[in-house]
Amino acid sequence: MIYLDNAATTRVFDSVVKEMERYYSEEYFNPSALYSPAFEVVKKIAAARAYLCDKLGGGGKLYFTSCATESNAWVYNCGVKNKKGNILVSMGEHASGYENARALADKGFDVRFVKLCADGTVDISDYQSKLDENTTLASVIHCSNETGAINDIALLSRIAKQISPRCLFHSDGVQAFCKIDVNCEHAGIDLYSLSAHKIGGPKGIGALWVRDGIRIAPFIIGGGQEEGERSGTENVAAIMGFCQAAKDFSAFDGGQIFALRQRMKKALEDIKDAVFNEASEQSPYILSLSIAGIKAEVLQRKLADKGILIGLGSACSSRLKKNRVLSAMGRDMRQIEGNVRIGFGVCNLSDDMDSVAKTIKECVEELRWKK
Ligand code: PLP
């Protein structure tokens with residue numbers, strides 16, 4: 001099997017599984033317990049937290065959550081105190097951001113959705129025109145999970161704070177973490193969401209990084225873990241697995257992934273009526289291609305029968321017929337129906353790219369011929 005849906009999730013590194021096992025069968029103590037083996041676990045969680053904070057440039061606080069969906073929900077539900085003021089959200093957010101913003105709009109909050117450019121990045125002039133001195137939260141995804149387009153979050157934060165100095169700037173960093181360098185503090189980011197399972201870590205563990213000096217109310221209250229910011233017994237094994245994954249993922253050479261993408265792109269370039277959805281600042285981990293005149297899910301099934309697994313855009317929205325992000329980029333219905341997302345990962349081999357591309361092209365031909 002050749003797995004090319006790494007933007008949906010990744011194979012967990014063997015080193016991560018090994019690390020996690022230790023915290024299930026040996027160091028399984030509740031970190032809140034008052035005996036010394038539990039204190040050791042507390043120290044290890046602190047070290048994991050510090051390592052992940054360092055990956056974001058150091059400084060700030062990092063709170064563990066059950067996933068990035070929770071981190072995003074936390075920001076939208078607790079980062080905005082009341083209905084005074086307005087909230088800016090890009091049309092390019094992952095469903096876990098966008099749907100929370102829509103829910104706020106349904107409750108009567110003034111939520112302003114910012115347009116995208118044809119390359120998938122946020123339309124800066126629309127963003128600027130929708131900001132005002134009453135904006136309390138601006139949220140823009142760092143790297144698009146649909147297309148891999150990278151937003152200049154430092155610039156967007158600067159613009160937001162020039163117009164509304166007290167506004168919080170949040171970015172969903174799930175597809176960017178360990179892939180695109182970021183220094184949250186220097187970039188003016190206040191809140192940054194993370195997830196482990198896109199970088200060889202386990203599912204069911206995420207985090208929210210919060211700038212020093214900022215406090216948002218807790219979303220989940222109870223036993224007061226995570227300094228009272230996120231209650232619930234710490235998922236120790238997953239936290240340690242997250243940290244191990246970040247270490248191992250960071251050791252890989254991003255240049256190799258870029259080469260894989262280039263090779264695949266070149267090999268697919270001659271498909272007729274097809275357009276790559278990409279930006280000049282682009283993640284090498286994602287190749288999004290809209291092939292007009294075919295149904296992408298049929299192509300996906302055909303490829304799966306041949307042992308090749310690719311994605312159809314966001315895994316969360318692949319069951320929905322429309323694709324909000326591609327629509328916002330101005331893609332037409334035929335392009336959206338034929339949209340595929342190839343997600344590269346550290347397990348992919350360069351030599352497989354040409355044969356995968358050849359199979360994709362044969363399947364596309366067959367689908368068009370059958371029509
Ligand atoms: N944000 C982005 C950009 C994502 O790609 C995903 C996962 O697909 C999420 C948030 C949700 O992450 P999780 O699966 O940890 O809830």
# chains A, B, ... in the order shown; residues from 1 in each chain; ligands from 1
$ residues_near_ligand --ligand "ligand 1" --cutoff "9 Å" --atoms "only C-alpha atoms and all ligand atoms" --output "number ranges by chain"
A: 7-9, 66-72, 93-97, 141-146, 172-176, 193-198, 203-207, 314-316
$ closest_residue --among "A:Asp181, A:Asp5, A:Glu362, A:Asp126" --to "A:Ser250" --atoms "only C-alpha atoms"
A:Asp181
$ atom_distance --atom1 "atom CA of A:Gly241" --atom2 "atom CA of A:His170"
25.1 Å
$ closest_residue --among "A:Lys55, A:Gly108, A:Gly120, A:Tyr23" --to "A:Ser327" --atoms "only C-alpha atoms"
A:Gly120
$ residues_around --residues "stretch 288-294 of chain A" --least-positions-apart "4" --cutoff "8 Å" --atoms "only C-alpha atoms" --output "list in words"
Glu146, Thr147, Gly148, Ile271, Lys272, Asp273, Ala274, Val275, Phe276, Asn277, Glu278, Val298, Leu299, Gly313, Arg334, Gln335, Ile336, Glu337, Gly338, Asn339, Val340, Arg341, Ile342, Val364, Leu367 and Arg368 of chain A
$ write_last_selection --atoms "N, CA, C and O atoms" --output "CSV table (one decimal), in the first residue's frame"
chain,number,residue,atom,x,y,z
A,146,GLU,N,-6.6,22.2,3.2
A,146,GLU,CA,-7.2,21.8,1.8
A,146,GLU,C,-6.1,21.9,0.8
A,146,GLU,O,-6.0,21.0,-0.1
A,147,THR,N,-5.4,23.0,0.7
A,147,THR,CA,-4.5,23.2,-0.4
A,147,THR,C,-3.0,23.4,0.0
A,147,THR,O,-2.1,23.3,-0.8
A,148,GLY,N,-2.7,23.6,1.3
A,148,GLY,CA,-1.4,23.8,1.8
A,148,GLY,C,-0.9,25.2,1.6
A,148,GLY,O,0.3,25.5,1.9
A,271,ILE,N,-2.2,16.3,-17.2
A,271,ILE,CA,-3.6,15.9,-17.1
A,271,ILE,C,-4.4,17.1,-17.7
A,271,ILE,O,-4.3,18.2,-17.2
A,272,LYS,N,-5.3,16.8,-18.6
A,272,LYS,CA,-6.1,17.8,-19.3
A,272,LYS,C,-7.1,18.4,-18.3
A,272,LYS,O,-7.6,17.7,-17.5
A,273,ASP,N,-7.5,19.6,-18.5
A,273,ASP,CA,-8.5,20.3,-17.7
A,273,ASP,C,-8.3,20.1,-16.2
A,273,ASP,O,-9.2,19.9,-15.4
A,274,ALA,N,-7.0,20.2,-15.8
A,274,ALA,CA,-6.7,20.1,-14.3
A,274,ALA,C,-5.9,21.3,-13.9
A,274,ALA,O,-5.2,21.9,-14.6
A,275,VAL,N,-6.2,21.7,-12.6
A,275,VAL,CA,-5.5,22.9,-12.1
A,275,VAL,C,-5.0,22.6,-10.7
A,275,VAL,O,-5.7,22.0,-9.9
A,276,PHE,N,-3.7,23.0,-10.5
A,276,PHE,CA,-3.2,22.8,-9.1
A,276,PHE,C,-3.7,23.9,-8.3
A,276,PHE,O,-3.7,25.1,-8.7
A,277,ASN,N,-4.1,23.6,-7.0
A,277,ASN,CA,-4.5,24.7,-6.1
A,277,ASN,C,-3.3,25.0,-5.2
A,277,ASN,O,-3.0,24.2,-4.3
A,278,GLU,N,-2.6,26.0,-5.5
A,278,GLU,CA,-1.4,26.3,-4.7
A,278,GLU,C,-1.1,27.8,-4.7
A,278,GLU,O,-1.5,28.5,-5.5
A,298,VAL,N,-14.8,8.6,-7.0
A,298,VAL,CA,-14.6,7.4,-7.8
A,298,VAL,C,-13.2,7.1,-8.1
A,298,VAL,O,-12.7,6.0,-8.0
A,299,LEU,N,-12.4,8.2,-8.4
A,299,LEU,CA,-11.0,8.1,-8.6
A,299,LEU,C,-10.3,7.5,-7.3
A,299,LEU,O,-9.5,6.6,-7.4
A,313,GLY,N,-9.4,16.3,-0.2
A,313,GLY,CA,-9.6,17.6,0.6
A,313,GLY,C,-9.8,17.1,2.0
A,313,GLY,O,-9.6,16.0,2.3
A,334,ARG,N,-17.4,21.7,-11.3
A,334,ARG,CA,-16.7,20.5,-11.9
A,334,ARG,C,-15.4,20.4,-11.3
A,334,ARG,O,-14.9,19.3,-11.1
A,335,GLN,N,-14.7,21.5,-11.1
A,335,GLN,CA,-13.4,21.4,-10.5
A,335,GLN,C,-13.4,20.8,-9.0
A,335,GLN,O,-12.6,20.0,-8.6
A,336,ILE,N,-14.5,21.3,-8.3
A,336,ILE,CA,-14.6,20.8,-6.9
A,336,ILE,C,-14.9,19.4,-6.9
A,336,ILE,O,-14.4,18.6,-6.1
A,337,GLU,N,-15.8,18.9,-7.8
A,337,GLU,CA,-16.2,17.5,-7.8
A,337,GLU,C,-14.9,16.6,-8.1
A,337,GLU,O,-14.9,15.5,-7.7
A,338,GLY,N,-14.0,17.2,-8.8
A,338,GLY,CA,-12.8,16.4,-9.2
A,338,GLY,C,-11.6,16.7,-8.4
A,338,GLY,O,-10.5,16.6,-8.9
A,339,ASN,N,-11.8,17.2,-7.2
A,339,ASN,CA,-10.6,17.6,-6.4
A,339,ASN,C,-10.0,16.5,-5.6
A,339,ASN,O,-10.7,15.8,-4.9
A,340,VAL,N,-8.7,16.4,-5.8
A,340,VAL,CA,-8.0,15.4,-4.9
A,340,VAL,C,-6.9,16.1,-4.1
A,340,VAL,O,-6.4,17.1,-4.5
A,341,ARG,N,-6.6,15.5,-3.0
A,341,ARG,CA,-5.5,16.1,-2.1
A,341,ARG,C,-4.5,15.0,-1.8
A,341,ARG,O,-4.9,13.9,-1.3
A,342,ILE,N,-3.3,15.2,-2.3
A,342,ILE,CA,-2.2,14.2,-2.0
A,342,ILE,C,-1.4,14.8,-0.9
A,342,ILE,O,-0.9,15.9,-0.9
A,364,VAL,N,-7.7,8.4,-14.5
A,364,VAL,CA,-8.4,9.6,-14.9
A,364,VAL,C,-8.9,9.4,-16.4
A,364,VAL,O,-10.1,9.6,-16.7
A,367,LEU,N,-11.8,7.0,-16.5
A,367,LEU,CA,-13.1,7.6,-16.0
A,367,LEU,C,-13.6,8.6,-17.0
A,367,LEU,O,-14.9,8.6,-17.2
A,368,ARG,N,-12.8,9.3,-17.7
A,368,ARG,CA,-13.3,10.2,-18.8
A,368,ARG,C,-13.8,9.4,-20.0
A,368,ARG,O,-14.8,9.8,-20.5
$ residues_around --residues "A:Leu156" --least-positions-apart "6" --cutoff "9 Å" --atoms "only C-alpha atoms" --output "VMD selection string"
chain A and resid 124 127 to 128 138 140 169
$ select_by_dssp --residues "stretch 63-187 of chain A" --states "alpha helix (DSSP H)" --output "PyMOL selection string"
chain A and resi 68-78+95-106+124-130+153-163+184-187
$ residues_around --residues "A:Ser280" --least-positions-apart "4" --cutoff "9 Å" --atoms "only C-alpha atoms" --output "list in words"
Asp119, Ala149 and Ile150 of chain A
$ write_last_selection --atoms "N, CA and C atoms" --output "JSON list (two decimals), in the first residue's frame"
[["chain", "number", "residue", "atom", "x", "y", "z"],
["A", 119, "ASP", "N", -5.56, 31.80, -4.87],
["A", 119, "ASP", "CA", -4.48, 30.86, -4.49],
["A", 119, "ASP", "C", -4.69, 30.24, -3.11],
["A", 149, "ALA", "N", -1.81, 26.14, 1.22],
["A", 149, "ALA", "CA", -1.44, 27.57, 1.11],
["A", 149, "ALA", "C", -1.06, 28.09, 2.49],
["A", 150, "ILE", "N", 0.04, 28.85, 2.53],
["A", 150, "ILE", "CA", 0.51, 29.38, 3.82],
["A", 150, "ILE", "C", 0.13, 30.86, 3.93]]
$ closest_residue --among "A:Ile360, A:Ile153, A:Val111, A:Val89" --to "A:His186" --atoms "only C-alpha atoms"
A:Ile153
$ residues_around --residues "A:Phe64" --least-positions-apart "2" --cutoff "12 Å" --atoms "only C-alpha atoms" --output "number ranges by chain"
A: 45-46, 48-50, 52-53, 61-62, 66-68, 70-71, 74, 192-196, 204-210, 220, 225-236, 238-240, 242-243
$ closest_residue --among "A:Val42, A:Cys347, A:Met353, A:Val80" --to "A:Leu268" --atoms "only C-alpha atoms"
A:Met353
$ select_by_dssp --residues "stretch 6-192 of chain A" --states "strand (DSSP E)" --output "list in words"
Lys61, Leu62, Tyr63, Phe64, Thr65, Asn86, Ile87, Leu88, Val89, Ser90, Asp110, Val111, Arg112, Phe113, Val114, Thr135, Thr136, Leu137, Ala138, Ser139, Leu168, Phe169, His170, Ser171, Asp172, Leu191 and Tyr192 of chain A
$ closest_residue --among "A:Lys161, A:Ile310, A:Lys265, A:Ser350" --to "A:Gly188" --atoms "only C-alpha atoms"
A:Lys161
$ residues_around --residues "A:Ser15" --least-positions-apart "3" --cutoff "12 Å" --atoms "only C-alpha atoms" --output "VMD selection string"
chain A and resid 11 to 12 18 to 22 200 to 202 240 to 249
$ write_last_selection --atoms "C-alpha atoms" --output "compact mmCIF listing (two decimals), in the first residue's frame"
# COMPACT_ATOMS: atom_id res chain seq x y z
CA ARG A 11 1.27 6.55 10.71
CA VAL A 12 2.39 6.74 14.34
CA LYS A 18 7.37 2.57 22.35
CA GLU A 19 7.45 5.79 24.36
CA MET A 20 3.70 5.66 24.99
CA GLU A 21 3.75 2.04 26.13
CA ARG A 22 5.92 3.01 29.05
CA GLY A 200 3.52 10.84 13.55
CA GLY A 201 1.91 11.24 16.97
CA PRO A 202 -1.25 9.65 18.37
CA MET A 240 4.68 11.94 25.85
CA GLY A 241 3.89 10.50 22.41
CA PHE A 242 3.18 13.99 21.08
CA CYS A 243 6.56 15.22 22.30
CA GLN A 244 8.40 12.19 20.89
CA ALA A 245 6.63 12.67 17.54
CA ALA A 246 7.66 16.34 17.40
CA LYS A 247 11.28 15.35 18.07
CA ASP A 248 11.34 12.62 15.44
CA PHE A 249 9.39 14.57 12.83
